[in-house]
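K.L.:
structure_25.pdb (PDB, C-alpha atoms and all ligand atoms) pasted underneath:
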```pdb
ATOM      1  CA  MET A   1       0.000   0.000   0.000
ATOM      2  CA  VAL A   2       2.851   2.313   0.956
ATOM      3  CA  ASN A   3       4.713   1.320  -2.202
ATOM      4  CA  VAL A   4       1.730   2.091  -4.407
ATOM      5  CA  SER A   5       1.212   5.554  -2.929
ATOM      6  CA  ALA A   6       4.966   6.282  -3.132
ATOM      7  CA  ARG A   7       4.922   5.295  -6.823
ATOM      8  CA  GLN A   8       1.857   7.453  -7.448
ATOM      9  CA  GLY A   9       3.633  10.341  -5.749
ATOM     10  CA  ALA A  10       6.724   9.886  -7.920
ATOM     11  CA  ILE A  11       4.578   9.829 -11.092
ATOM     12  CA  THR A  12       2.796  13.007  -9.982
ATOM     13  CA  ASP A  13       6.155  14.704  -9.344
ATOM     14  CA  LEU A  14       7.399  13.693 -12.793
ATOM     15  CA  ARG A  15       4.248  15.037 -14.412
ATOM     16  CA  GLU A  16       4.537  18.319 -12.517
ATOM     17  CA  GLU A  17       8.188  18.590 -13.543
ATOM     18  CA  GLU A  18       7.197  17.900 -17.119
ATOM     19  CA  ALA A  19       4.498  20.581 -16.927
ATOM     20  CA  GLN A  20       7.194  23.047 -15.855
ATOM     21  CA  LEU A  21       9.365  22.062 -18.816
ATOM     22  CA  VAL A  22       6.439  22.523 -21.195
ATOM     23  CA  LEU A  23       5.719  25.940 -19.706
ATOM     24  CA  ARG A  24       9.352  26.988 -20.147
ATOM     25  CA  THR A  25       9.309  25.667 -23.716
ATOM     26  CA  ARG A  26       6.223  27.764 -24.414
ATOM     27  CA  HIS A  27       8.326  30.784 -23.424
ATOM     28  CA  GLY A  28      11.083  29.836 -25.857
ATOM     29  CA  ASP A  29      13.492  28.105 -23.450
ATOM     30  CA  ASP A  30      15.638  25.802 -25.644
ATOM     31  CA  GLY A  31      17.133  24.049 -22.614
ATOM     32  CA  ALA A  32      13.685  22.916 -21.504
ATOM     33  CA  LEU A  33      12.891  21.894 -25.069
ATOM     34  CA  ARG A  34      16.047  19.740 -25.239
ATOM     35  CA  GLU A  35      15.173  18.145 -21.904
ATOM     36  CA  LEU A  36      11.680  17.252 -23.150
ATOM     37  CA  VAL A  37      13.097  15.752 -26.351
ATOM     38  CA  ASN A  38      15.592  13.694 -24.350
ATOM     39  CA  ARG A  39      12.880  12.454 -22.016
ATOM     40  CA  HIS A  40      10.661  11.144 -24.793
ATOM     41  CA  ARG A  41      12.939  10.305 -27.703
ATOM     42  CA  ILE A  42      13.776   6.708 -26.687
ATOM     43  CA  ARG A  43      10.144   5.712 -26.314
ATOM     44  CA  LEU A  44       9.036   7.437 -29.509
ATOM     45  CA  ILE A  45      11.841   6.066 -31.693
ATOM     46  CA  ARG A  46      11.464   2.535 -30.313
ATOM     47  CA  THR A  47       7.693   2.496 -30.857
ATOM     48  CA  ALA A  48       8.019   3.970 -34.349
ATOM     49  CA  ALA A  49      10.724   1.409 -35.191
ATOM     50  CA  ASN A  50       8.472  -1.430 -34.066
ATOM     51  CA  VAL A  51       5.401  -0.167 -35.888
ATOM     52  CA  LEU A  52       7.221   0.828 -39.092
ATOM     53  CA  ARG A  53       9.971  -1.832 -38.966
ATOM     54  CA  ASP A  54      12.480   0.710 -40.231
ATOM     55  CA  ALA A  55      15.041   2.407 -37.962
ATOM     56  CA  VAL A  56      15.758   5.379 -40.245
ATOM     57  CA  GLU A  57      12.099   6.045 -40.885
ATOM     58  CA  ALA A  58      11.441   5.730 -37.152
ATOM     59  CA  GLU A  59      13.865   8.582 -36.391
ATOM     60  CA  ASP A  60      12.302  10.600 -39.139
ATOM     61  CA  VAL A  61       8.799  10.083 -37.751
ATOM     62  CA  ALA A  62       9.927  10.800 -34.184
ATOM     63  CA  GLN A  63      11.451  14.110 -35.322
ATOM     64  CA  GLU A  64       8.261  14.947 -37.201
ATOM     65  CA  ALA A  65       6.252  14.118 -34.069
ATOM     66  CA  PHE A  66       8.344  16.536 -31.988
ATOM     67  CA  LEU A  67       7.961  19.276 -34.609
ATOM     68  CA  LYS A  68       4.219  18.753 -34.792
ATOM     69  CA  ALA A  69       3.851  18.579 -30.999
ATOM     70  CA  PHE A  70       5.663  21.882 -30.438
ATOM     71  CA  ARG A  71       3.795  23.496 -33.317
ATOM     72  CA  GLU A  72       0.475  22.368 -31.796
ATOM     73  CA  LEU A  73       1.421  22.980 -28.179
ATOM     74  CA  HIS A  74      -1.424  25.495 -27.887
ATOM     75  CA  ARG A  75      -3.844  22.554 -28.271
ATOM     76  CA  LEU A  76      -2.476  20.845 -25.165
ATOM     77  CA  ARG A  77      -4.875  21.730 -22.370
ATOM     78  CA  ASP A  78      -2.990  20.058 -19.517
ATOM     79  CA  ASP A  79       0.793  20.439 -19.689
ATOM     80  CA  ARG A  80       1.187  17.395 -17.444
ATOM     81  CA  ALA A  81      -0.194  15.250 -20.266
ATOM     82  CA  PHE A  82       2.593  16.147 -22.696
ATOM     83  CA  GLY A  83       3.864  12.536 -22.734
ATOM     84  CA  SER A  84       0.602  11.031 -23.981
ATOM     85  CA  PHE A  85       0.068  14.032 -26.290
ATOM     86  CA  ILE A  86       3.334  13.480 -28.174
ATOM     87  CA  TYR A  87       3.003   9.691 -28.116
ATOM     88  CA  ARG A  88      -0.426   9.955 -29.751
ATOM     89  CA  ILE A  89       0.998  12.238 -32.444
ATOM     90  CA  CYS A  90       3.822   9.781 -33.103
ATOM     91  CA  VAL A  91       1.479   6.764 -33.383
ATOM     92  CA  ARG A  92      -0.799   8.701 -35.738
ATOM     93  CA  LEU A  93       2.165   9.603 -37.934
ATOM     94  CA  CYS A  94       3.258   5.955 -37.958
ATOM     95  CA  VAL A  95      -0.196   4.798 -39.072
ATOM     96  CA  ASP A  96      -0.192   7.471 -41.796
ATOM     97  CA  ARG A  97       3.209   6.212 -42.995
ATOM     98  CA  LEU A  98       1.938   2.639 -42.998
ATOM     99  CA  ARG A  99      -0.979   3.705 -45.171
ATOM    100  CA  LEU A 100       1.450   5.247 -47.656
ATOM    101  CA  LYS A 101       3.657   2.161 -47.562
ATOM    102  CA  ARG A 102       0.718  -0.146 -48.261
ATOM    103  CA  ALA A 103       0.725   1.121 -51.815
ATOM    104  CA  GLU A 104       3.993  -0.763 -52.333
ATOM    105  CA  PRO A 105       3.270  -4.529 -52.480
ATOM    106  CA  THR A 106       5.525  -6.896 -50.519
ATOM    107  CA  ALA A 107       6.329 -10.410 -51.624
ATOM    108  CA  LEU A 108       6.695 -13.218 -49.114
ATOM    109  CA  GLU A 109       8.601 -16.386 -49.899
ATOM    110  CA  PRO A 110       6.658 -19.239 -48.264
ATOM    111  CA  SER A 111       9.702 -21.495 -48.086
ATOM    112  CA  GLN A 112      11.588 -19.340 -45.541
ATOM    113  CA  LYS A 113      12.373 -21.088 -42.297
ATOM    114  CA  THR A 114      11.531 -18.880 -39.341
ATOM    115  CA  PRO A 115      13.123 -19.750 -36.009
ATOM    116  CA  ALA A 116      11.877 -17.331 -33.328
ATOM    117  CA  GLY A 117      14.158 -14.366 -32.586
ATOM    118  CA  SER A 118      16.314 -14.706 -35.700
ATOM    119  CA  ILE A 119      16.890 -12.037 -38.333
ATOM    120  CA  GLU A 120      14.817 -14.148 -40.719
ATOM    121  CA  THR A 121      11.930 -14.001 -38.260
ATOM    122  CA  ARG A 122      12.148 -10.221 -38.190
ATOM    123  CA  VAL A 123      12.038 -10.082 -41.966
ATOM    124  CA  VAL A 124       9.076 -12.465 -42.097
ATOM    125  CA  ILE A 125       7.249 -10.602 -39.315
ATOM    126  CA  GLU A 126       7.848  -7.331 -41.154
ATOM    127  CA  LYS A 127       6.295  -8.785 -44.297
ATOM    128  CA  LEU A 128       3.373 -10.341 -42.434
ATOM    129  CA  LEU A 129       2.612  -7.097 -40.603
ATOM    130  CA  ALA A 130       2.722  -5.300 -43.946
ATOM    131  CA  LYS A 131      -0.164  -7.490 -45.061
ATOM    132  CA  LEU A 132      -2.410  -6.273 -42.246
ATOM    133  CA  PRO A 133      -4.369  -3.015 -42.533
ATOM    134  CA  PRO A 134      -2.403  -0.177 -40.822
ATOM    135  CA  ASP A 135      -4.818   0.200 -37.895
ATOM    136  CA  LEU A 136      -4.726  -3.527 -37.108
ATOM    137  CA  SER A 137      -0.965  -3.743 -37.498
ATOM    138  CA  ALA A 138      -0.308  -0.736 -35.244
ATOM    139  CA  THR A 139      -2.763  -1.980 -32.584
ATOM    140  CA  LEU A 140      -1.157  -5.426 -32.590
ATOM    141  CA  VAL A 141       2.366  -4.020 -32.277
ATOM    142  CA  LEU A 142       1.432  -1.573 -29.516
ATOM    143  CA  ARG A 143      -0.174  -4.344 -27.499
ATOM    144  CA  GLU A 144       2.082  -7.335 -28.219
ATOM    145  CA  VAL A 145       5.478  -5.771 -28.834
ATOM    146  CA  GLU A 146       5.282  -2.505 -26.900
ATOM    147  CA  GLN A 147       3.130  -4.257 -24.287
ATOM    148  CA  LEU A 148       0.857  -1.303 -23.653
ATOM    149  CA  SER A 149      -2.353  -1.824 -21.701
ATOM    150  CA  TYR A 150      -5.750  -1.659 -23.429
ATOM    151  CA  ASP A 151      -6.297   1.845 -22.080
ATOM    152  CA  GLU A 152      -2.875   2.999 -23.245
ATOM    153  CA  VAL A 153      -3.439   1.606 -26.751
ATOM    154  CA  ALA A 154      -6.853   3.300 -26.825
ATOM    155  CA  ARG A 155      -5.327   6.647 -25.810
ATOM    156  CA  ALA A 156      -2.413   6.313 -28.241
ATOM    157  CA  MET A 157      -4.721   5.517 -31.149
ATOM    158  CA  ASN A 158      -7.458   7.878 -30.023
ATOM    159  CA  VAL A 159     -10.172   5.203 -30.185
ATOM    160  CA  PRO A 160     -12.478   3.620 -27.574
ATOM    161  CA  VAL A 161     -11.249   0.591 -25.629
ATOM    162  CA  GLY A 162     -13.946  -1.527 -27.297
ATOM    163  CA  THR A 163     -12.428  -0.721 -30.696
ATOM    164  CA  VAL A 164      -8.992  -1.779 -29.444
ATOM    165  CA  ARG A 165     -10.452  -5.068 -28.236
ATOM    166  CA  SER A 166     -12.159  -5.876 -31.519
ATOM    167  CA  ARG A 167      -9.124  -4.781 -33.568
ATOM    168  CA  LEU A 168      -6.843  -6.989 -31.500
ATOM    169  CA  HIS A 169      -9.166  -9.941 -31.908
ATOM    170  CA  THR A 170      -9.173  -9.536 -35.694
ATOM    171  CA  ALA A 171      -5.455  -8.723 -35.902
ATOM    172  CA  ARG A 172      -4.421 -11.790 -33.914
ATOM    173  CA  GLU A 173      -6.575 -14.076 -35.998
ATOM    174  CA  ARG A 174      -5.289 -12.654 -39.300
ATOM    175  CA  PHE A 175      -1.714 -12.675 -38.102
ATOM    176  CA  ARG A 176      -2.007 -16.308 -37.043
ATOM    177  CA  THR A 177      -3.368 -17.244 -40.482
ATOM    178  CA  LEU A 178      -0.524 -15.418 -42.229
ATOM    179  CA  TRP A 179       2.047 -16.914 -39.881
ATOM    180  CA  ALA A 180       0.718 -20.428 -40.490
ATOM    181  CA  ALA A 181       0.767 -19.901 -44.266
ATOM    182  CA  ALA A 182       4.358 -18.607 -44.115
ATOM    183  CA  ASN A 183       5.432 -21.682 -42.173
ATOM    184  CA  GLU A 184       3.827 -24.290 -44.397
ATOM    185  CA  TRP A 185       7.260 -25.721 -45.150
ATOM    186  CA  GLU A 186       6.836 -27.805 -41.975
TER
ATOM    187  CA  MET B   1     -18.043 -26.495 -43.991
ATOM    188  CA  GLY B   2     -18.130 -24.313 -40.857
ATOM    189  CA  LEU B   3     -16.506 -24.833 -37.489
ATOM    190  CA  ARG B   4     -18.291 -26.603 -34.712
ATOM    191  CA  ARG B   5     -19.850 -24.346 -32.114
ATOM    192  CA  SER B   6     -17.442 -25.569 -29.425
ATOM    193  CA  CYS B   7     -14.458 -24.858 -31.704
ATOM    194  CA  ARG B   8     -15.706 -21.322 -32.350
ATOM    195  CA  ARG B   9     -16.095 -20.774 -28.621
ATOM    196  CA  PHE B  10     -12.627 -22.147 -27.925
ATOM    197  CA  ARG B  11     -10.979 -19.899 -30.542
ATOM    198  CA  LYS B  12     -12.847 -16.825 -29.399
ATOM    199  CA  LEU B  13     -11.757 -17.425 -25.822
ATOM    200  CA  ARG B  14      -8.146 -18.029 -26.892
ATOM    201  CA  LEU B  15      -8.056 -14.804 -28.901
ATOM    202  CA  SER B  16      -9.272 -12.731 -25.991
ATOM    203  CA  SER B  17      -7.566 -14.621 -23.161
ATOM    204  CA  PRO B  18      -4.315 -12.601 -23.202
ATOM    205  CA  GLU B  19      -6.312  -9.562 -22.080
ATOM    206  CA  ARG B  20      -8.999 -10.887 -19.815
ATOM    207  CA  GLY B  21      -8.301 -13.775 -17.534
ATOM    208  CA  LEU B  22     -10.630 -16.691 -18.198
ATOM    209  CA  ARG B  23     -13.129 -17.764 -15.591
ATOM    210  CA  VAL B  24     -12.721 -21.204 -14.009
ATOM    211  CA  GLY B  25     -15.511 -22.690 -16.154
ATOM    212  CA  GLU B  26     -13.949 -21.249 -19.329
ATOM    213  CA  GLN B  27     -10.512 -22.548 -18.383
ATOM    214  CA  THR B  28     -11.913 -26.046 -17.851
ATOM    215  CA  PHE B  29     -13.753 -25.886 -21.156
ATOM    216  CA  CYS B  30     -10.580 -24.817 -23.026
ATOM    217  CA  ALA B  31      -8.429 -27.492 -21.403
ATOM    218  CA  GLU B  32     -10.921 -30.209 -22.268
ATOM    219  CA  HIS B  33     -11.544 -28.970 -25.790
ATOM    220  CA  VAL B  34      -7.889 -28.619 -26.746
ATOM    221  CA  HIS B  35      -7.313 -32.138 -25.461
ATOM    222  CA  ASP B  36     -10.073 -33.602 -27.634
ATOM    223  CA  CYS B  37      -9.879 -31.438 -30.807
ATOM    224  CA  THR B  38      -6.895 -31.799 -33.154
ATOM    225  CA  GLY B  39      -7.835 -28.742 -35.222
ATOM    226  CA  CYS B  40      -8.016 -26.462 -32.205
ATOM    227  CA  ARG B  41      -4.790 -27.909 -30.816
ATOM    228  CA  ARG B  42      -3.060 -26.903 -34.026
ATOM    229  CA  TYR B  43      -4.806 -23.516 -33.969
ATOM    230  CA  ASP B  44      -3.654 -22.957 -30.401
ATOM    231  CA  SER B  45      -0.011 -23.766 -31.152
ATOM    232  CA  GLU B  46      -0.038 -21.539 -34.257
ATOM    233  CA  LEU B  47      -1.490 -18.682 -32.244
ATOM    234  CA  SER B  48       1.144 -19.058 -29.531
ATOM    235  CA  ALA B  49       4.006 -19.376 -32.044
ATOM    236  CA  ALA B  50       2.854 -16.330 -34.015
ATOM    237  CA  ARG B  51       2.576 -14.318 -30.810
ATOM    238  CA  GLU B  52       5.982 -15.403 -29.591
ATOM    239  CA  ALA B  53       7.589 -14.610 -32.954
ATOM    240  CA  LEU B  54       5.978 -11.177 -32.978
ATOM    241  CA  ARG B  55       7.228 -10.401 -29.469
ATOM    242  CA  SER B  56      10.716 -11.692 -30.192
ATOM    243  CA  SER B  57      10.945  -9.506 -33.302
ATOM    244  CA  SER B  58      10.958  -6.338 -31.191
ATOM    245  CA  VAL B  59      13.297  -3.674 -32.573
ATOM    246  CA  ASN B  60      15.240  -1.955 -29.817
ATOM    247  CA  HIS B  61      16.311   1.144 -31.699
ATOM    248  CA  HIS B  62      16.763   4.406 -29.758
ATOM    249  CA  GLY B  63      18.383   6.636 -32.343
ATOM    250  CA  PRO B  64      21.735   8.430 -32.081
ATOM    251  CA  ALA B  65      22.707  10.548 -29.054
ATOM    252  CA  GLU B  66      22.761  13.723 -31.150
ATOM    253  CA  PHE B  67      19.095  13.197 -32.066
ATOM    254  CA  ALA B  68      17.963  15.740 -29.452
ATOM    255  CA  ASN B  69      20.254  18.444 -30.891
ATOM    256  CA  ARG B  70      18.992  17.720 -34.398
ATOM    257  CA  VAL B  71      15.381  18.025 -33.230
ATOM    258  CA  VAL B  72      16.036  21.236 -31.276
ATOM    259  CA  ARG B  73      17.694  22.765 -34.368
ATOM    260  CA  ALA B  74      14.771  21.707 -36.571
ATOM    261  CA  ILE B  75      12.260  23.154 -34.093
ATOM    262  CA  SER B  76      14.183  26.456 -33.867
ATOM    263  CA  ARG B  77      14.264  26.736 -37.675
ATOM    264  CA  ASP B  78      10.562  25.919 -37.810
ATOM    265  CA  ARG B  79       9.812  28.552 -35.153
ATOM    266  CA  ILE B  80      11.672  31.248 -37.121
ATOM    267  CA  ARG B  81       9.971  30.231 -40.367
ATOM    268  CA  ARG B  82       6.551  30.390 -38.738
ATOM    269  CA  GLN B  83       7.290  33.789 -37.163
ATOM    270  CA  PHE B  84       8.297  35.044 -40.592
ATOM    271  CA  GLU B  85       5.077  33.640 -42.029
ATOM    272  CA  VAL B  86       3.084  35.521 -39.377
ATOM    273  CA  TRP B  87       4.874  38.795 -40.120
ATOM    274  CA  ARG B  88       5.084  38.345 -43.915
ATOM    275  CA  PRO B  89       1.730  40.002 -44.777
ATOM    276  CA  THR B  90       2.662  42.958 -42.544
ATOM    277  CA  LEU B  91       6.115  43.220 -44.140
ATOM    278  CA  ILE B  92       4.696  43.018 -47.656
ATOM    279  CA  GLY B  93       2.109  45.666 -46.728
ATOM    280  CA  ALA B  94       4.762  47.953 -45.239
ATOM    281  CA  VAL B  95       7.048  47.643 -48.281
ATOM    282  CA  THR B  96       4.149  48.265 -50.694
ATOM    283  CA  ALA B  97       3.046  51.296 -48.682
ATOM    284  CA  ALA B  98       6.611  52.679 -48.632
ATOM    285  CA  ILE B  99       6.924  52.291 -52.426
ATOM    286  CA  ALA B 100       3.536  53.979 -52.939
ATOM    287  CA  VAL B 101       4.434  56.908 -50.638
ATOM    288  CA  GLY B 102       7.792  57.286 -52.391
ATOM    289  CA  ALA B 103       6.115  57.390 -55.802
ATOM    290  CA  VAL B 104       3.564  59.976 -54.674
ATOM    291  CA  LEU B 105       6.272  62.153 -53.130
ATOM    292  CA  GLN B 106       8.316  62.003 -56.321
ATOM    293  CA  VAL B 107       5.356  63.181 -58.365
ATOM    294  CA  LEU B 108       4.500  66.013 -55.982
ATOM    295  CA  THR B 109       8.032  67.298 -55.266
ATOM    296  CA  PRO B 110       9.276  69.904 -57.882
ATOM    297  CA  ASP B 111      12.614  69.167 -59.604
ATOM    298  CA  PRO B 112      15.309  71.641 -58.311
ATOM    299  CA  GLU B 113      17.202  71.722 -61.671
ATOM    300  CA  TYR B 114      13.976  72.396 -63.483
ATOM    301  CA  ASP B 115      13.326  75.358 -61.132
ATOM    302  CA  ALA B 116      16.806  76.851 -61.546
ATOM    303  CA  ARG B 117      16.438  77.192 -65.299
ATOM    304  CA  SER B 118      12.905  78.519 -65.130
ATOM    305  CA  PRO B 119      12.190  80.561 -62.024
ATOM    306  CA  GLU B 120       8.697  81.393 -63.216
ATOM    307  CA  GLY B 121       7.901  77.760 -63.370
ATOM    308  CA  THR B 122       7.278  77.683 -67.106
ATOM    309  CA  ALA B 123       8.974  75.348 -69.479
ATOM    310  CA  ALA B 124      12.194  76.759 -70.880
ATOM    311  CA  LEU B 125      12.655  74.757 -74.002
ATOM    312  CA  PRO B 126      15.514  75.830 -76.240
ATOM    313  CA  ALA B 127      14.545  77.927 -79.266
ATOM    314  CA  PRO B 128      14.223  76.004 -82.559
ATOM    315  CA  SER B 129      16.915  78.134 -84.217
ATOM    316  CA  GLU B 130      19.379  77.267 -81.451
ATOM    317  CA  THR B 131      18.779  73.618 -81.884
ATOM    318  CA  LEU B 132      19.305  73.724 -85.663
ATOM    319  CA  ILE B 133      22.697  75.448 -85.658
ATOM    320  CA  PHE B 134      25.510  73.045 -86.504
ATOM    321  CA  ASP B 135      28.728  74.385 -85.114
ATOM    322  CA  PHE B 136      30.995  71.713 -86.520
ATOM    323  CA  ASP B 137      32.717  71.388 -89.906
ATOM    324  CA  LEU B 138      31.313  68.918 -92.337
ATOM    325  CA  PRO B 139      33.972  67.012 -94.257
ATOM    326  CA  ARG B 140      34.449  68.358 -97.711
ATOM    327  CA  THR B 141      33.770  65.948-100.518
ATOM    328  CA  PRO B 142      35.790  66.517-103.727
ATOM    329  CA  GLU B 143      32.788  65.770-105.997
ATOM    330  CA  LEU B 144      30.908  68.702-104.562
ATOM    331  CA  GLU B 145      33.795  71.200-104.736
ATOM    332  CA  PRO B 146      33.737  73.678-107.712
ATOM    333  CA  ASP B 147      36.389  72.706-110.269
ATOM    334  CA  SER B 148      39.169  75.227-109.745
ATOM    335  CA  THR B 149      40.979  74.166-112.937
ATOM    336  CA  ASP B 150      38.128  75.276-115.203
ATOM    337  CA  GLY B 151      38.482  78.699-115.688
TER
HETATM  338 ZN    ZN C 201     -12.057 -27.446 -31.877
END
```
Using structure tokens, write down the structure that the file contains.
Ligand SMILES: [Zn+2]
P.N.:
Amino acid sequence: MVNVSARQGAITDLREEEAQLVLRTRHGDDGALRELVNRHRIRLIRTAANVLRDAVEAEDVAQEAFLKAFRELHRLRDDRAFGSFIYRICVRLCVDRLRLKRAEPTALEPSQKTPAGSIETRVVIEKLLAKLPPDLSATLVLREVEQLSYDEVARAMNVPVGTVRSRLHTARERFRTLWAAANEWE
Amino acid sequence: MGLRRSCRRFRKLRLSSPERGLRVGEQTFCAEHVHDCTGCRRYDSELSAAREALRSSSVNHHGPAEFANRVVRAISRDRIRRQFEVWRPTLIGAVTAAIAVGAVLQVLTPDPEYDARSPEGTAALPAPSETLIFDFDLPRTPELEPDSTDG
């Protein structure tokens, strides 16, 4: 009980500190801006890399997310919520990129052997995810790879929790079918 | 040929089980069904393998250390560009107004040289006779010279 309240207190302190940084950034303080970027860059780049499956593009999207967030800072009503605000922007940009990428067809060789964790697996997973609609793919990655909770996925994708649930159900089923088809060499 | 009702129930429960814990009755049903049904056993192992592969394919990329500097520079440039965009209509208006005022002043202000030559303010054009006087020597052409040898 004590641990829980101590953790809550620490989170509140972090959010208050973040609100201060946002306020200073609003007044043109570049030091505060750099601090905010450093606080969020690892999470944004990692998520974008997992959703897009491309490290260079992930950095590009993360930078775009920061630019957009600071440009639209006036739309942020509670400065303590900057973290979820920028994360949502980043996920939206990733889904937009996926939509653009879907125009380019990907070919999957069904004879590839796919031991879990190998580079081959990553390549196959990348190709399988590319076959899912962007919303399903992003939801699946946020939940399974990034291990966000239902509520966090819902906030990041700006949809109700019920939508997340039904998307995950469909995404898992489709992904299983694709995975099974890709491993028919067995 | 569709799935049996029990198979559909099993698969639905398996797809949602990672999020919501199954009740005791549901757990018993799943354990019994997967034991008896070959198709659902295969389905279950495919689902688990696909999930495990997806999780193991996580990309742990954080970007370079100088990423923050790059972003701060990009944001500063963007800020300046946007400030310029805000002020651009005003600047264009000010420059246009200055040009217009300059043009009007030029039209209204009398020319000092013009005044010096004509104190009364009337045009002092040179007389036609003055303009037609050639005060240089034309070259003499021999064909036009009177023949001095005739005589
Ligand atoms: Zn069955």
K.L.:
Using only C-alpha atoms, which residue out of B:Arg23, B:Glu66, B:Leu15, B:Thr28 lies closest to Ser48 of chain B?
P.N.:
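Result for the nearest residue to Ser48 of chain B: B:Leu15.
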K.L.:
Which one of A:Glu72, A:Glu59, A:Asp78, A:Glu184 sits closest to chain B if you count only C-alpha atoms?
P.N.:
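Checking each candidate against chain B, we get A:Glu59 as the closest.
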K.L.:
Could you tell me how far atom CA of Phe85 of chain A lies from atom CA of Ala19 of chain A, in Å and to one decimal?
P.N.:
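For atom CA of Phe85 of chain A relative to atom CA of Ala19 of chain A, the distance reads 12.3 Å.
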K.L.:
Box for segment 91-96 of chain B - axis-aligned, 3 Å on each of the six sides, all listed atoms - centre and size in Å to one decimal, as lines of an AutoDock Vina configuration file.
P.N.:
```
center_x = 4.6
center_y = 45.6
center_z = -47.4
size_x = 10.9
size_y = 11.2
size_z = 12.6
```
K.L.:
Which residue, B:Glu46, B:Val86, B:Val107, B:Ala94, has the smallest gap to chain A when you use all atoms listed in the file?
P.N.:
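Result for the nearest residue to chain A: B:Glu46.
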K.L.:
Can you turn the ChimeraX specification (/B :<8) & /A into a concrete residue list for this file, as a short mmCIF file (atom, residue, chain, number, x, y, z; two decimals) with C-alpha atoms, in the frame of the given file?
P.N.:
```cif
data_model
loop_
_atom_site.label_atom_id
_atom_site.label_comp_id
_atom_site.auth_asym_id
_atom_site.auth_seq_id
_atom_site.Cartn_x
_atom_site.Cartn_y
_atom_site.Cartn_z
CA ASP A 30 15.64 25.80 -25.64
CA LEU A 33 12.89 21.89 -25.07
CA ARG A 34 16.05 19.74 -25.24
CA VAL A 37 13.10 15.75 -26.35
CA ASN A 38 15.59 13.69 -24.35
CA ARG A 41 12.94 10.30 -27.70
CA ILE A 42 13.78 6.71 -26.69
CA ARG A 43 10.14 5.71 -26.31
CA ILE A 45 11.84 6.07 -31.69
CA ARG A 46 11.46 2.54 -30.31
CA ALA A 49 10.72 1.41 -35.19
CA ASN A 50 8.47 -1.43 -34.07
CA ARG A 53 9.97 -1.83 -38.97
CA ALA A 55 15.04 2.41 -37.96
CA GLU A 59 13.86 8.58 -36.39
CA GLN A 63 11.45 14.11 -35.32
CA PHE A 66 8.34 16.54 -31.99
CA LEU A 67 7.96 19.28 -34.61
CA PHE A 70 5.66 21.88 -30.44
CA ALA A 116 11.88 -17.33 -33.33
CA GLY A 117 14.16 -14.37 -32.59
CA SER A 118 16.31 -14.71 -35.70
CA THR A 121 11.93 -14.00 -38.26
CA ARG A 122 12.15 -10.22 -38.19
CA ILE A 125 7.25 -10.60 -39.32
CA GLU A 144 2.08 -7.34 -28.22
CA VAL A 145 5.48 -5.77 -28.83
CA HIS A 169 -9.17 -9.94 -31.91
CA ARG A 172 -4.42 -11.79 -33.91
CA GLU A 173 -6.58 -14.08 -36.00
CA PHE A 175 -1.71 -12.68 -38.10
CA ARG A 176 -2.01 -16.31 -37.04
CA TRP A 179 2.05 -16.91 -39.88
CA ALA A 180 0.72 -20.43 -40.49
#
```
K.L.:
Give the residue list for ligand ZN 201 (chain C) at 9 Å, counting all atoms listed in the file, as a VMD selection string, sorted by chain and then by residue number.
P.N.:
chain B and resid 3 to 11 33 to 34 36 to 41 43
K.L.:
How far is it from atom CA of Arg88 of chain B to atom CA of Val101 of chain B, in Å with one decimal?
P.N.:
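Here the two named atoms are 19.8 Å from each other.
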K.L.:
Translate the PyMOL selection byres (((chain A and resi 17) around 12) and not hetatm), as applied to the file shown, into an explicit residue set as an mmCIF file with C-alpha atoms, keeping the file's coordinate frame.
P.N.:
```cif
data_model
loop_
_atom_site.group_PDB
_atom_site.id
_atom_site.type_symbol
_atom_site.label_atom_id
_atom_site.label_comp_id
_atom_site.auth_asym_id
_atom_site.auth_seq_id
_atom_site.Cartn_x
_atom_site.Cartn_y
_atom_site.Cartn_z
ATOM 1 C CA ALA A 10 6.724 9.886 -7.920
ATOM 2 C CA ILE A 11 4.578 9.829 -11.092
ATOM 3 C CA THR A 12 2.796 13.007 -9.982
ATOM 4 C CA ASP A 13 6.155 14.704 -9.344
ATOM 5 C CA LEU A 14 7.399 13.693 -12.793
ATOM 6 C CA ARG A 15 4.248 15.037 -14.412
ATOM 7 C CA GLU A 16 4.537 18.319 -12.517
ATOM 8 C CA GLU A 18 7.197 17.900 -17.119
ATOM 9 C CA ALA A 19 4.498 20.581 -16.927
ATOM 10 C CA GLN A 20 7.194 23.047 -15.855
ATOM 11 C CA LEU A 21 9.365 22.062 -18.816
ATOM 12 C CA VAL A 22 6.439 22.523 -21.195
ATOM 13 C CA LEU A 23 5.719 25.940 -19.706
ATOM 14 C CA ARG A 24 9.352 26.988 -20.147
ATOM 15 C CA ALA A 32 13.685 22.916 -21.504
ATOM 16 C CA GLU A 35 15.173 18.145 -21.904
ATOM 17 C CA LEU A 36 11.680 17.252 -23.150
ATOM 18 C CA ARG A 39 12.880 12.454 -22.016
ATOM 19 C CA ASP A 79 0.793 20.439 -19.689
ATOM 20 C CA ARG A 80 1.187 17.395 -17.444
ATOM 21 C CA ALA A 81 -0.194 15.250 -20.266
ATOM 22 C CA PHE A 82 2.593 16.147 -22.696
ATOM 23 C CA GLY A 83 3.864 12.536 -22.734
#
```
